[in-house]
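Student: My file is input-v4.cif. It has mmCIF, C-alpha atoms and all ligand atoms:
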```cif
data_target
#
loop_
_atom_site.label_atom_id
_atom_site.label_comp_id
_atom_site.auth_asym_id
_atom_site.auth_seq_id
_atom_site.Cartn_x
_atom_site.Cartn_y
_atom_site.Cartn_z
CA MET A 1 -55.88 -124.97 196.36
CA ILE A 2 -53.90 -123.85 193.31
CA ASP A 3 -50.86 -121.58 193.50
CA LEU A 4 -50.55 -119.28 190.50
CA HIS A 5 -47.08 -117.92 189.80
CA THR A 6 -47.55 -115.07 187.40
CA VAL A 7 -46.63 -111.70 185.98
CA ALA A 8 -48.67 -108.77 184.61
CA THR A 9 -48.24 -109.64 180.94
CA SER A 10 -50.37 -111.02 178.15
CA ASN A 11 -49.29 -114.58 179.05
CA GLY A 12 -49.94 -114.09 182.75
CA TYR A 13 -53.49 -112.84 182.10
CA LYS A 14 -54.32 -115.97 180.08
CA ALA A 15 -53.70 -118.12 183.17
CA SER A 16 -55.58 -115.86 185.60
CA ILE A 17 -58.58 -115.48 183.26
CA MET A 18 -58.73 -119.27 183.00
CA LEU A 19 -58.61 -119.77 186.78
CA GLU A 20 -61.45 -117.28 187.11
CA GLU A 21 -63.45 -118.94 184.32
CA VAL A 22 -63.29 -122.38 185.93
CA ALA A 23 -63.90 -120.89 189.40
CA LEU A 24 -61.20 -122.82 191.24
CA PRO A 25 -59.74 -121.23 194.37
CA TYR A 26 -56.19 -119.96 193.87
CA ARG A 27 -53.60 -117.76 195.48
CA VAL A 28 -51.21 -115.54 193.58
CA THR A 29 -47.44 -115.05 193.72
CA SER A 30 -46.28 -112.32 191.35
CA TYR A 31 -42.76 -111.84 190.04
CA ASP A 32 -40.74 -108.80 188.99
CA LEU A 33 -38.94 -109.84 185.80
CA VAL A 34 -36.72 -106.75 185.81
CA LYS A 35 -35.40 -107.74 189.25
CA GLY A 36 -34.91 -111.33 188.02
CA GLU A 37 -37.24 -112.79 190.64
CA HIS A 38 -38.08 -115.63 188.20
CA LEU A 39 -34.42 -116.71 188.06
CA THR A 40 -33.93 -117.48 191.75
CA PRO A 41 -32.98 -121.05 192.75
CA ALA A 42 -36.33 -121.36 194.54
CA PHE A 43 -38.34 -120.61 191.41
CA LEU A 44 -36.04 -122.60 189.10
CA ALA A 45 -36.62 -125.59 191.36
CA LEU A 46 -40.34 -125.21 190.64
CA ASN A 47 -39.95 -124.47 186.93
CA PRO A 48 -36.51 -125.11 185.37
CA VAL A 49 -37.53 -123.08 182.31
CA GLY A 50 -37.54 -120.00 184.54
CA ARG A 51 -40.57 -118.43 182.89
CA LEU A 52 -44.14 -117.59 183.84
CA PRO A 53 -47.02 -118.31 184.18
CA MET A 54 -47.10 -121.60 186.05
CA ILE A 55 -49.44 -123.25 188.52
CA VAL A 56 -49.00 -125.74 191.34
CA ASP A 57 -52.09 -127.82 192.06
CA ARG A 58 -51.70 -128.74 195.72
CA ASP A 59 -54.63 -131.17 195.52
CA THR A 60 -52.99 -133.35 192.85
CA GLN A 61 -49.82 -135.38 193.30
CA HIS A 62 -47.30 -136.19 190.58
CA ASP A 63 -43.90 -137.84 191.13
CA GLY A 64 -44.35 -137.54 194.88
CA ALA A 65 -45.02 -133.81 194.90
CA PRO A 66 -47.88 -131.40 194.14
CA LEU A 67 -48.37 -131.19 190.36
CA SER A 68 -46.72 -128.19 188.70
CA VAL A 69 -47.79 -127.10 185.22
CA TYR A 70 -45.86 -124.46 183.26
CA GLY A 71 -46.95 -122.48 180.20
CA THR A 72 -50.21 -121.10 178.92
CA ILE A 73 -51.24 -124.02 176.71
CA ALA A 74 -50.55 -126.64 179.37
CA ILE A 75 -52.30 -124.60 182.09
CA LEU A 76 -55.42 -123.92 180.00
CA VAL A 77 -55.76 -127.54 178.86
CA TYR A 78 -55.08 -128.89 182.37
CA LEU A 79 -57.69 -126.66 184.00
CA ALA A 80 -60.23 -127.29 181.22
CA GLU A 81 -59.85 -131.05 181.64
CA LYS A 82 -59.85 -130.86 185.43
CA THR A 83 -63.18 -129.00 185.42
CA GLY A 84 -64.78 -130.17 182.16
CA LYS A 85 -65.13 -126.57 180.98
CA LEU A 86 -64.28 -124.68 177.75
CA LEU A 87 -62.77 -127.65 175.86
CA PRO A 88 -64.68 -130.59 174.33
CA ALA A 89 -63.29 -134.02 175.30
CA SER A 90 -62.75 -135.02 171.66
CA GLY A 91 -63.67 -134.21 168.08
CA PRO A 92 -63.08 -131.60 165.40
CA THR A 93 -63.82 -128.52 167.52
CA ARG A 94 -61.26 -129.70 170.07
CA ALA A 95 -58.71 -130.05 167.24
CA LYS A 96 -59.37 -126.47 166.10
CA ILE A 97 -59.16 -125.16 169.67
CA ILE A 98 -55.77 -126.85 170.15
CA GLU A 99 -54.65 -125.47 166.79
CA TRP A 100 -55.49 -121.94 167.99
CA LEU A 101 -53.61 -122.51 171.25
CA GLY A 102 -50.51 -123.43 169.23
CA THR A 103 -50.94 -120.52 166.83
CA ILE A 104 -51.25 -117.97 169.63
CA SER A 105 -48.39 -119.47 171.65
CA SER A 106 -45.92 -120.32 168.87
CA ASP A 107 -46.69 -117.78 166.14
CA VAL A 108 -48.41 -114.71 167.59
CA GLY A 109 -46.63 -114.74 170.98
CA PRO A 110 -43.04 -114.82 169.66
CA ALA A 111 -43.85 -112.10 167.11
CA TYR A 112 -44.94 -109.82 169.96
CA SER A 113 -41.97 -110.84 172.12
CA GLY A 114 -39.62 -109.74 169.34
CA GLN A 115 -41.62 -106.57 168.83
CA PHE A 116 -41.29 -105.77 172.55
CA VAL A 117 -37.54 -106.49 172.60
CA PHE A 118 -36.70 -104.25 169.66
CA ASN A 119 -39.26 -101.47 170.25
CA VAL A 120 -39.17 -101.21 174.04
CA LEU A 121 -36.18 -103.01 175.61
CA ALA A 122 -33.44 -102.30 173.05
CA LYS A 123 -31.24 -99.40 174.12
CA GLU A 124 -29.99 -98.95 170.55
CA LYS A 125 -32.94 -98.95 168.18
CA GLN A 126 -32.43 -100.95 165.00
CA PRO A 127 -34.91 -99.80 162.32
CA TRP A 128 -34.66 -103.06 160.35
CA ALA A 129 -35.56 -105.21 163.36
CA ILE A 130 -38.33 -102.85 164.45
CA ASP A 131 -39.85 -102.91 160.96
CA TYR A 132 -39.47 -106.70 160.74
CA TYR A 133 -41.29 -107.41 164.00
CA ASN A 134 -43.97 -104.75 163.49
CA LYS A 135 -44.81 -106.29 160.11
CA LEU A 136 -44.74 -109.80 161.58
CA CYS A 137 -47.19 -108.78 164.34
CA ALA A 138 -49.53 -107.21 161.76
CA ARG A 139 -49.35 -110.44 159.72
CA MET A 140 -50.03 -112.64 162.75
CA LEU A 141 -53.20 -110.69 163.62
CA GLN A 142 -54.67 -111.39 160.20
CA PRO A 143 -55.71 -115.03 160.76
CA ILE A 144 -57.47 -114.02 163.99
CA GLU A 145 -59.31 -111.17 162.26
CA LYS A 146 -60.28 -113.38 159.30
CA GLN A 147 -61.57 -116.16 161.55
CA LEU A 148 -63.64 -113.75 163.64
CA ALA A 149 -65.19 -112.38 160.44
CA ARG A 150 -66.63 -115.88 159.96
CA THR A 151 -67.45 -117.07 163.48
CA ARG A 152 -68.62 -115.54 166.75
CA PHE A 153 -65.74 -117.09 168.73
CA LEU A 154 -62.32 -118.26 167.57
CA ALA A 155 -63.16 -121.94 167.30
CA GLY A 156 -66.79 -121.51 166.24
CA THR A 157 -70.07 -120.86 167.97
CA ASP A 158 -68.91 -121.50 171.56
CA TYR A 159 -66.57 -119.60 173.87
CA SER A 160 -63.54 -121.81 174.58
CA ILE A 161 -59.97 -121.80 175.85
CA ALA A 162 -58.97 -120.58 172.37
CA ASP A 163 -60.68 -117.28 173.25
CA VAL A 164 -59.08 -117.18 176.71
CA MET A 165 -55.72 -117.63 174.99
CA ALA A 166 -56.31 -114.91 172.41
CA TYR A 167 -58.10 -112.24 174.45
CA PRO A 168 -54.92 -110.65 175.92
CA VAL A 169 -53.45 -110.50 172.40
CA ALA A 170 -56.29 -108.17 171.42
CA THR A 171 -56.38 -106.13 174.61
CA VAL A 172 -52.68 -105.94 175.58
CA SER A 173 -50.38 -106.89 172.67
CA ALA A 174 -52.33 -105.27 169.83
CA LEU A 175 -52.65 -102.07 171.84
CA ARG A 176 -48.85 -101.89 171.92
CA TYR A 177 -48.77 -102.52 168.16
CA PRO A 178 -50.55 -101.51 165.92
CA GLY A 179 -51.95 -99.38 168.77
CA SER A 180 -55.69 -99.98 168.38
CA LEU A 181 -58.14 -102.44 166.85
CA SER A 182 -59.53 -99.85 164.43
CA GLU A 183 -58.30 -101.90 161.45
CA HIS A 184 -59.47 -105.17 163.03
CA PRO A 185 -63.23 -104.63 163.48
CA ASN A 186 -64.04 -108.30 164.07
CA MET A 187 -61.40 -108.63 166.78
CA ALA A 188 -62.81 -105.45 168.34
CA ARG A 189 -66.38 -106.85 168.30
CA TRP A 190 -65.22 -110.16 169.81
CA ALA A 191 -63.00 -108.51 172.45
CA GLN A 192 -65.89 -106.31 173.49
CA GLU A 193 -68.18 -109.33 173.92
CA ILE A 194 -65.60 -111.27 175.93
CA GLY A 195 -64.46 -108.27 177.92
CA VAL A 196 -67.80 -107.97 179.74
CA ARG A 197 -67.48 -111.48 181.20
CA PRO A 198 -66.93 -111.04 184.97
CA ALA A 199 -64.29 -113.82 185.00
CA VAL A 200 -62.31 -112.07 182.27
CA GLN A 201 -62.54 -108.74 184.09
CA ARG A 202 -61.31 -110.31 187.33
CA GLY A 203 -58.53 -112.26 185.57
CA MET A 204 -57.22 -109.13 183.86
CA LYS A 205 -56.64 -107.57 187.31
CA VAL A 206 -54.26 -110.39 188.43
CA PRO A 207 -51.65 -109.76 189.71
CA SER A 208 -53.17 -106.67 191.34
N1 LIG B 1 -44.50 -120.32 175.95
C1 LIG B 1 -44.70 -119.68 177.24
C2 LIG B 1 -44.07 -118.30 177.20
C3 LIG B 1 -43.90 -117.74 178.59
C4 LIG B 1 -43.12 -116.44 178.59
O1 LIG B 1 -42.56 -116.00 177.58
N2 LIG B 1 -43.11 -115.79 179.78
C5 LIG B 1 -42.44 -114.56 179.96
C6 LIG B 1 -43.41 -113.54 180.59
S1 LIG B 1 -44.75 -113.20 179.50
C7 LIG B 1 -41.30 -114.74 180.93
O2 LIG B 1 -41.44 -115.40 181.94
N3 LIG B 1 -40.15 -114.11 180.63
C8 LIG B 1 -39.01 -114.11 181.49
C9 LIG B 1 -37.74 -114.53 180.80
O3 LIG B 1 -37.79 -115.04 179.67
O4 LIG B 1 -36.70 -114.35 181.41
C10 LIG B 1 -46.22 -119.61 177.53
O5 LIG B 1 -47.01 -119.77 176.60
O6 LIG B 1 -46.58 -119.44 178.69
#
```
Take the structure I supplied and represent it as structure tokens, if you would.
Ligand SMILES: N[C@@H](CCC(=O)N[C@@H](CS)C(=O)NCC(=O)O)C(=O)O
Tutor:
Amino acid sequence: MIDLHTVATSNGYKASIMLEEVALPYRVTSYDLVKGEHLTPAFLALNPVGRLPMIVDRDTQHDGAPLSVYGTIAILVYLAEKTGKLLPASGPTRAKIIEWLGTISSDVGPAYSGQFVFNVLAKEKQPWAIDYYNKLCARMLQPIEKQLARTRFLAGTDYSIADVMAYPVATVSALRYPGSLSEHPNMARWAQEIGVRPAVQRGMKVPS
């Protein structure tokens, strides 16, 4: 059994979609970030970073305890390797998939985090910061749109964990800014194709 510790955000959905795709049984604990539930001593003992999502695989031991894995990249790669699904064991396609995981996590994700902080959380709105992060988000969507103009899925002809990683960007983050995919027709076509997958539909409802 896998415990999924998660939150209803773009990052949280990546983990729950993946668990649904690989069809492993899991149970969900959800956290209220506003209440600081992710900063309790109990959760920090599980994940000292104090962020979500994370999983605990109760069937696998590491350092004398059930294995805990924090962060979207680590969770997606771990589950792909555990099940042999959605990630080739070696080779050039694997390299491109890992590259996309890094791009979404380190480039696209922080752009949208900043956009959220200055557009939504900030009590005093700072036009310079809002403009900076809105433009950065628009720039970070471009490589995804360009790639999907060339290939059916992000890393080529096959659906992979690169697509699991990027799907919530198209259906959650991009709907916050720029507000629709009308200027990103290839992302829209790809998101529509992925969005009918039953595993994706179930994963996007976690936590319920
Ligand atoms: N690099 C991490 C980012 C995780 C992250 O930013 N999680 C957010 C929720 S989407 C969080 O837990 N924020 C709480 C905080 O920073 O206090 C990943 O890819 O999973």
Student: Using all atoms listed in the file, collect all residues at a distance of at most 12 Å from (-63.3, -108.4, 181.1) as written in the file, then present them as a ChimeraX atom specification.
Tutor: /A:13-14,16-18,20-21,164,167-168,170-171,190-206
Student: Nearest to ligand LIG 1 (chain B): which of A:Tyr70, A:Phe116, A:Tyr26, A:Phe43 is it, counting all atoms listed in the file?
Tutor: A:Tyr70
Student: List every residue of chain A that has an atom at most 9 Å from any atom of ligand LIG 1 (chain B), and for each one report the closest atom pair and its distance in Å to one decimal, counting all atoms listed in the file, with rows sorted by chain and then by increasing residue number, as JSON lines.
Tutor:
```
{"residue": "A:Thr6", "atom": "CA", "partner": "B:LIG1", "partner_atom": "C6", "distance": 8.1}
{"residue": "A:Val7", "atom": "CA", "partner": "B:LIG1", "partner_atom": "C6", "distance": 6.5}
{"residue": "A:Ala8", "atom": "CA", "partner": "B:LIG1", "partner_atom": "S1", "distance": 7.8}
{"residue": "A:Thr9", "atom": "CA", "partner": "B:LIG1", "partner_atom": "S1", "distance": 5.2}
{"residue": "A:Ser10", "atom": "CA", "partner": "B:LIG1", "partner_atom": "S1", "distance": 6.2}
{"residue": "A:Asn11", "atom": "CA", "partner": "B:LIG1", "partner_atom": "S1", "distance": 4.8}
{"residue": "A:Gly12", "atom": "CA", "partner": "B:LIG1", "partner_atom": "S1", "distance": 6.2}
{"residue": "A:Lys14", "atom": "CA", "partner": "B:LIG1", "partner_atom": "O6", "distance": 8.6}
{"residue": "A:Ala15", "atom": "CA", "partner": "B:LIG1", "partner_atom": "O6", "distance": 8.5}
{"residue": "A:Tyr31", "atom": "CA", "partner": "B:LIG1", "partner_atom": "O2", "distance": 8.9}
{"residue": "A:Leu33", "atom": "CA", "partner": "B:LIG1", "partner_atom": "C8", "distance": 6.1}
{"residue": "A:Val34", "atom": "CA", "partner": "B:LIG1", "partner_atom": "O4", "distance": 8.8}
{"residue": "A:Gly36", "atom": "CA", "partner": "B:LIG1", "partner_atom": "O4", "distance": 7.5}
{"residue": "A:His38", "atom": "CA", "partner": "B:LIG1", "partner_atom": "C8", "distance": 6.9}
{"residue": "A:Leu39", "atom": "CA", "partner": "B:LIG1", "partner_atom": "O4", "distance": 7.4}
{"residue": "A:Val49", "atom": "CA", "partner": "B:LIG1", "partner_atom": "O3", "distance": 8.5}
{"residue": "A:Gly50", "atom": "CA", "partner": "B:LIG1", "partner_atom": "O4", "distance": 6.5}
{"residue": "A:Arg51", "atom": "CA", "partner": "B:LIG1", "partner_atom": "O2", "distance": 3.3}
{"residue": "A:Leu52", "atom": "CA", "partner": "B:LIG1", "partner_atom": "O2", "distance": 4.0}
{"residue": "A:Pro53", "atom": "CA", "partner": "B:LIG1", "partner_atom": "O6", "distance": 5.6}
{"residue": "A:Met54", "atom": "CA", "partner": "B:LIG1", "partner_atom": "O6", "distance": 7.7}
{"residue": "A:Tyr70", "atom": "CA", "partner": "B:LIG1", "partner_atom": "O6", "distance": 6.8}
{"residue": "A:Gly71", "atom": "CA", "partner": "B:LIG1", "partner_atom": "O6", "distance": 3.4}
{"residue": "A:Thr72", "atom": "CA", "partner": "B:LIG1", "partner_atom": "O6", "distance": 4.0}
{"residue": "A:Ile73", "atom": "CA", "partner": "B:LIG1", "partner_atom": "O5", "distance": 6.0}
{"residue": "A:Ala74", "atom": "CA", "partner": "B:LIG1", "partner_atom": "O5", "distance": 8.2}
{"residue": "A:Ile75", "atom": "CA", "partner": "B:LIG1", "partner_atom": "O6", "distance": 8.4}
{"residue": "A:Leu101", "atom": "CA", "partner": "B:LIG1", "partner_atom": "O5", "distance": 8.9}
{"residue": "A:Gly102", "atom": "CA", "partner": "B:LIG1", "partner_atom": "O5", "distance": 8.9}
{"residue": "A:Ile104", "atom": "CA", "partner": "B:LIG1", "partner_atom": "O5", "distance": 8.4}
{"residue": "A:Ser105", "atom": "CA", "partner": "B:LIG1", "partner_atom": "O5", "distance": 5.1}
{"residue": "A:Ser106", "atom": "CA", "partner": "B:LIG1", "partner_atom": "N1", "distance": 7.2}
{"residue": "A:Gly109", "atom": "CA", "partner": "B:LIG1", "partner_atom": "O5", "distance": 7.6}
{"residue": "A:Pro110", "atom": "CA", "partner": "B:LIG1", "partner_atom": "O1", "distance": 8.0}
{"residue": "A:Ser113", "atom": "CA", "partner": "B:LIG1", "partner_atom": "O1", "distance": 7.5}
```
Student: Now that the selection is made, can you save its residues with C-alpha atoms as a PDB file, in the frame of the given file?
Tutor:
```
ATOM      1  CA  THR A   6     -47.550-115.070 187.400  1.00  0.00           C
ATOM      2  CA  VAL A   7     -46.630-111.700 185.980  1.00  0.00           C
ATOM      3  CA  ALA A   8     -48.670-108.770 184.610  1.00  0.00           C
ATOM      4  CA  THR A   9     -48.240-109.640 180.940  1.00  0.00           C
ATOM      5  CA  SER A  10     -50.370-111.020 178.150  1.00  0.00           C
ATOM      6  CA  ASN A  11     -49.290-114.580 179.050  1.00  0.00           C
ATOM      7  CA  GLY A  12     -49.940-114.090 182.750  1.00  0.00           C
ATOM      8  CA  LYS A  14     -54.320-115.970 180.080  1.00  0.00           C
ATOM      9  CA  ALA A  15     -53.700-118.120 183.170  1.00  0.00           C
ATOM     10  CA  TYR A  31     -42.760-111.840 190.040  1.00  0.00           C
ATOM     11  CA  LEU A  33     -38.940-109.840 185.800  1.00  0.00           C
ATOM     12  CA  VAL A  34     -36.720-106.750 185.810  1.00  0.00           C
ATOM     13  CA  GLY A  36     -34.910-111.330 188.020  1.00  0.00           C
ATOM     14  CA  HIS A  38     -38.080-115.630 188.200  1.00  0.00           C
ATOM     15  CA  LEU A  39     -34.420-116.710 188.060  1.00  0.00           C
ATOM     16  CA  VAL A  49     -37.530-123.080 182.310  1.00  0.00           C
ATOM     17  CA  GLY A  50     -37.540-120.000 184.540  1.00  0.00           C
ATOM     18  CA  ARG A  51     -40.570-118.430 182.890  1.00  0.00           C
ATOM     19  CA  LEU A  52     -44.140-117.590 183.840  1.00  0.00           C
ATOM     20  CA  PRO A  53     -47.020-118.310 184.180  1.00  0.00           C
ATOM     21  CA  MET A  54     -47.100-121.600 186.050  1.00  0.00           C
ATOM     22  CA  TYR A  70     -45.860-124.460 183.260  1.00  0.00           C
ATOM     23  CA  GLY A  71     -46.950-122.480 180.200  1.00  0.00           C
ATOM     24  CA  THR A  72     -50.210-121.100 178.920  1.00  0.00           C
ATOM     25  CA  ILE A  73     -51.240-124.020 176.710  1.00  0.00           C
ATOM     26  CA  ALA A  74     -50.550-126.640 179.370  1.00  0.00           C
ATOM     27  CA  ILE A  75     -52.300-124.600 182.090  1.00  0.00           C
ATOM     28  CA  LEU A 101     -53.610-122.510 171.250  1.00  0.00           C
ATOM     29  CA  GLY A 102     -50.510-123.430 169.230  1.00  0.00           C
ATOM     30  CA  ILE A 104     -51.250-117.970 169.630  1.00  0.00           C
ATOM     31  CA  SER A 105     -48.390-119.470 171.650  1.00  0.00           C
ATOM     32  CA  SER A 106     -45.920-120.320 168.870  1.00  0.00           C
ATOM     33  CA  GLY A 109     -46.630-114.740 170.980  1.00  0.00           C
ATOM     34  CA  PRO A 110     -43.040-114.820 169.660  1.00  0.00           C
ATOM     35  CA  SER A 113     -41.970-110.840 172.120  1.00  0.00           C
TER      36      SER A 113
END
```
Student: Give the answer as one residue: which of A:Ile97, A:Ile130, A:Ala80, A:Val108 has the shortest atom-to-atom distance to A:Ser173, using only C-alpha atoms?
Tutor: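 Counting only C-alpha atoms, the residue closest to A:Ser173 is A:Val108.
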Student: Please, what distance in Å, to one decimal, runs between atom CA of A:Leu87 and atom CA of A:Leu67?
Tutor: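 Between these atoms lies a distance of 20.7 Å.
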Student: Can you list, as an mmCIF file with C-alpha atoms, in the frame of the given file, every protein, DNA or RNA residue that comes within 10 Å of A:Asn119 when you count all atoms listed in the file, leaving out same-chain residues fewer than 2 positions away?
Tutor:
```cif
data_model
loop_
_atom_site.group_PDB
_atom_site.id
_atom_site.type_symbol
_atom_site.label_atom_id
_atom_site.label_comp_id
_atom_site.auth_asym_id
_atom_site.auth_seq_id
_atom_site.Cartn_x
_atom_site.Cartn_y
_atom_site.Cartn_z
ATOM 1 C CA SER A 113 -41.970 -110.840 172.120
ATOM 2 C CA GLY A 114 -39.620 -109.740 169.340
ATOM 3 C CA GLN A 115 -41.620 -106.570 168.830
ATOM 4 C CA PHE A 116 -41.290 -105.770 172.550
ATOM 5 C CA VAL A 117 -37.540 -106.490 172.600
ATOM 6 C CA LEU A 121 -36.180 -103.010 175.610
ATOM 7 C CA ALA A 122 -33.440 -102.300 173.050
ATOM 8 C CA LYS A 123 -31.240 -99.400 174.120
ATOM 9 C CA GLU A 124 -29.990 -98.950 170.550
ATOM 10 C CA LYS A 125 -32.940 -98.950 168.180
ATOM 11 C CA GLN A 126 -32.430 -100.950 165.000
ATOM 12 C CA PRO A 127 -34.910 -99.800 162.320
ATOM 13 C CA ALA A 129 -35.560 -105.210 163.360
ATOM 14 C CA ILE A 130 -38.330 -102.850 164.450
ATOM 15 C CA ASP A 131 -39.850 -102.910 160.960
ATOM 16 C CA TYR A 133 -41.290 -107.410 164.000
ATOM 17 C CA ASN A 134 -43.970 -104.750 163.490
ATOM 18 C CA ARG A 176 -48.850 -101.890 171.920
ATOM 19 C CA TYR A 177 -48.770 -102.520 168.160
#
```
Student: Have a look at A:Tyr132, A:Phe153, A:Tyr112, A:Phe118 and name the one nearest to A:Ala174; count only C-alpha atoms.
Tutor: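 Of all the options, A:Tyr112 lies closest to A:Ala174.
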Student: Find, counting all atoms listed in the file, the residue in A:Thr157, A:Thr40, A:Ser208, A:Ser182 that gets nearest to A:Leu86.
Tutor: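 Checking each of A:Thr157, A:Thr40, A:Ser208, A:Ser182 against A:Leu86, counting all atoms listed in the file, the winner is A:Thr157.
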Student: Which residues, written as an mmCIF file with C-alpha atoms, in the frame of the given file, have at least one atom at most 10 Å from A:Glu183, with all atoms listed in the file counted and residues fewer than 5 positions away on the same chain left out?
Tutor:
```
data_model
loop_
_atom_site.group_PDB
_atom_site.id
_atom_site.type_symbol
_atom_site.label_atom_id
_atom_site.label_comp_id
_atom_site.auth_asym_id
_atom_site.auth_seq_id
_atom_site.Cartn_x
_atom_site.Cartn_y
_atom_site.Cartn_z
ATOM 1 C CA GLU A 145 -59.310 -111.170 162.260
ATOM 2 C CA PRO A 178 -50.550 -101.510 165.920
ATOM 3 C CA ALA A 188 -62.810 -105.450 168.340
#
```
Student: Tell me which of A:Ala42, A:Asp3, A:Gly179, A:Gly91 sits closest to A:Val28, counting all atoms listed in the file.
Tutor: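 Among A:Ala42, A:Asp3, A:Gly179, A:Gly91, it is A:Asp3 that comes nearest to A:Val28.
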Student: Would you list the residues near (-52.1, -130.9, 190.8) (no more than 10 Å away, in the coordinates of the file, using all atoms listed in the file) as a VMD selection string?
Tutor: chain A and resid 1 to 3 55 to 62 65 to 69 78 to 79 82
Student: Taking all listed atoms of stretch 54-61 of chain A, build the axis-aligned box, pad each of the six sides by 4 Å, then write its centre and edge lengths in Å to one decimal as AutoDock Vina command-line options.
Tutor:
```
--center_x -50.9 --center_y -128.5 --center_z 190.9 --size_x 15.5 --size_y 21.8 --size_z 17.7
```
Student: Using all atoms listed in the file, which of the listed residues (A:Val77, A:Leu136, A:Leu141, A:Ala45) sits closest to A:Ser180?
Tutor: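 Ranking A:Val77, A:Leu136, A:Leu141, A:Ala45 by distance to A:Ser180, first place goes to A:Leu141.
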Student: Using Å and a single decimal, report how far atom CA of A:Ala95 sits from atom CA of A:Cys137.
Tutor: 24.4 Å
Student: Separation of atom CA of A:Met140 and atom CA of A:Ala111, in Å?
Tutor: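 Pair atom CA of A:Met140 / atom CA of A:Ala111 returns 7.6 Å.
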Student: Using the incomplete input, complete stretch 54-59 of chain A to the level of all heavy atoms; output as a PDB file, in the coordinates of the input.
Tutor:
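Saved as selection_0.pdb:
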```
ATOM      1  N   MET A  54     -47.013-120.189 185.696  1.00  0.00           N
ATOM      2  CA  MET A  54     -47.100-121.600 186.050  1.00  0.00           C
ATOM      3  C   MET A  54     -48.059-121.751 187.239  1.00  0.00           C
ATOM      4  O   MET A  54     -48.339-120.770 187.942  1.00  0.00           O
ATOM      5  CB  MET A  54     -45.734-122.180 186.397  1.00  0.00           C
ATOM      6  CG  MET A  54     -45.198-121.733 187.717  1.00  0.00           C
ATOM      7  SD  MET A  54     -43.845-122.774 188.285  1.00  0.00           S
ATOM      8  CE  MET A  54     -44.628-124.366 188.447  1.00  0.00           C
ATOM      9  N   ILE A  55     -48.572-122.968 187.381  1.00  0.00           N
ATOM     10  CA  ILE A  55     -49.440-123.250 188.520  1.00  0.00           C
ATOM     11  C   ILE A  55     -48.912-124.467 189.264  1.00  0.00           C
ATOM     12  O   ILE A  55     -48.221-125.303 188.685  1.00  0.00           O
ATOM     13  CB  ILE A  55     -50.926-123.501 188.115  1.00  0.00           C
ATOM     14  CG1 ILE A  55     -51.040-124.683 187.154  1.00  0.00           C
ATOM     15  CG2 ILE A  55     -51.559-122.245 187.558  1.00  0.00           C
ATOM     16  CD1 ILE A  55     -52.490-125.109 186.891  1.00  0.00           C
ATOM     17  N   VAL A  56     -49.235-124.535 190.541  1.00  0.00           N
ATOM     18  CA  VAL A  56     -49.000-125.740 191.340  1.00  0.00           C
ATOM     19  C   VAL A  56     -50.350-126.123 191.928  1.00  0.00           C
ATOM     20  O   VAL A  56     -50.971-125.322 192.643  1.00  0.00           O
ATOM     21  CB  VAL A  56     -47.962-125.489 192.456  1.00  0.00           C
ATOM     22  CG1 VAL A  56     -47.758-126.772 193.268  1.00  0.00           C
ATOM     23  CG2 VAL A  56     -46.631-125.014 191.865  1.00  0.00           C
ATOM     24  N   ASP A  57     -50.807-127.326 191.558  1.00  0.00           N
ATOM     25  CA  ASP A  57     -52.090-127.820 192.060  1.00  0.00           C
ATOM     26  C   ASP A  57     -51.808-128.663 193.303  1.00  0.00           C
ATOM     27  O   ASP A  57     -51.373-129.811 193.207  1.00  0.00           O
ATOM     28  CB  ASP A  57     -52.789-128.655 190.978  1.00  0.00           C
ATOM     29  CG  ASP A  57     -54.176-129.096 191.422  1.00  0.00           C
ATOM     30  OD1 ASP A  57     -54.492-128.967 192.622  1.00  0.00           O
ATOM     31  OD2 ASP A  57     -54.940-129.582 190.567  1.00  0.00           O
ATOM     32  N   ARG A  58     -52.067-128.076 194.463  1.00  0.00           N
ATOM     33  CA  ARG A  58     -51.700-128.740 195.720  1.00  0.00           C
ATOM     34  C   ARG A  58     -52.615-129.924 196.037  1.00  0.00           C
ATOM     35  O   ARG A  58     -52.311-130.728 196.913  1.00  0.00           O
ATOM     36  CB  ARG A  58     -51.733-127.730 196.882  1.00  0.00           C
ATOM     37  CG  ARG A  58     -50.825-126.555 196.619  1.00  0.00           C
ATOM     38  CD  ARG A  58     -50.060-126.057 197.835  1.00  0.00           C
ATOM     39  NE  ARG A  58     -48.865-125.346 197.384  1.00  0.00           N
ATOM     40  CZ  ARG A  58     -47.672-125.898 197.229  1.00  0.00           C
ATOM     41  NH1 ARG A  58     -47.475-127.151 197.546  1.00  0.00           N
ATOM     42  NH2 ARG A  58     -46.649-125.197 196.782  1.00  0.00           N
ATOM     43  N   ASP A  59     -53.717-130.042 195.292  1.00  0.00           N
ATOM     44  CA  ASP A  59     -54.630-131.170 195.520  1.00  0.00           C
ATOM     45  C   ASP A  59     -54.318-132.369 194.642  1.00  0.00           C
ATOM     46  O   ASP A  59     -55.015-133.381 194.703  1.00  0.00           O
ATOM     47  CB  ASP A  59     -56.081-130.724 195.251  1.00  0.00           C
ATOM     48  CG  ASP A  59     -56.465-129.559 196.142  1.00  0.00           C
ATOM     49  OD1 ASP A  59     -56.011-129.531 197.297  1.00  0.00           O
ATOM     50  OD2 ASP A  59     -57.187-128.660 195.668  1.00  0.00           O
TER      51      ASP A  59
END
```
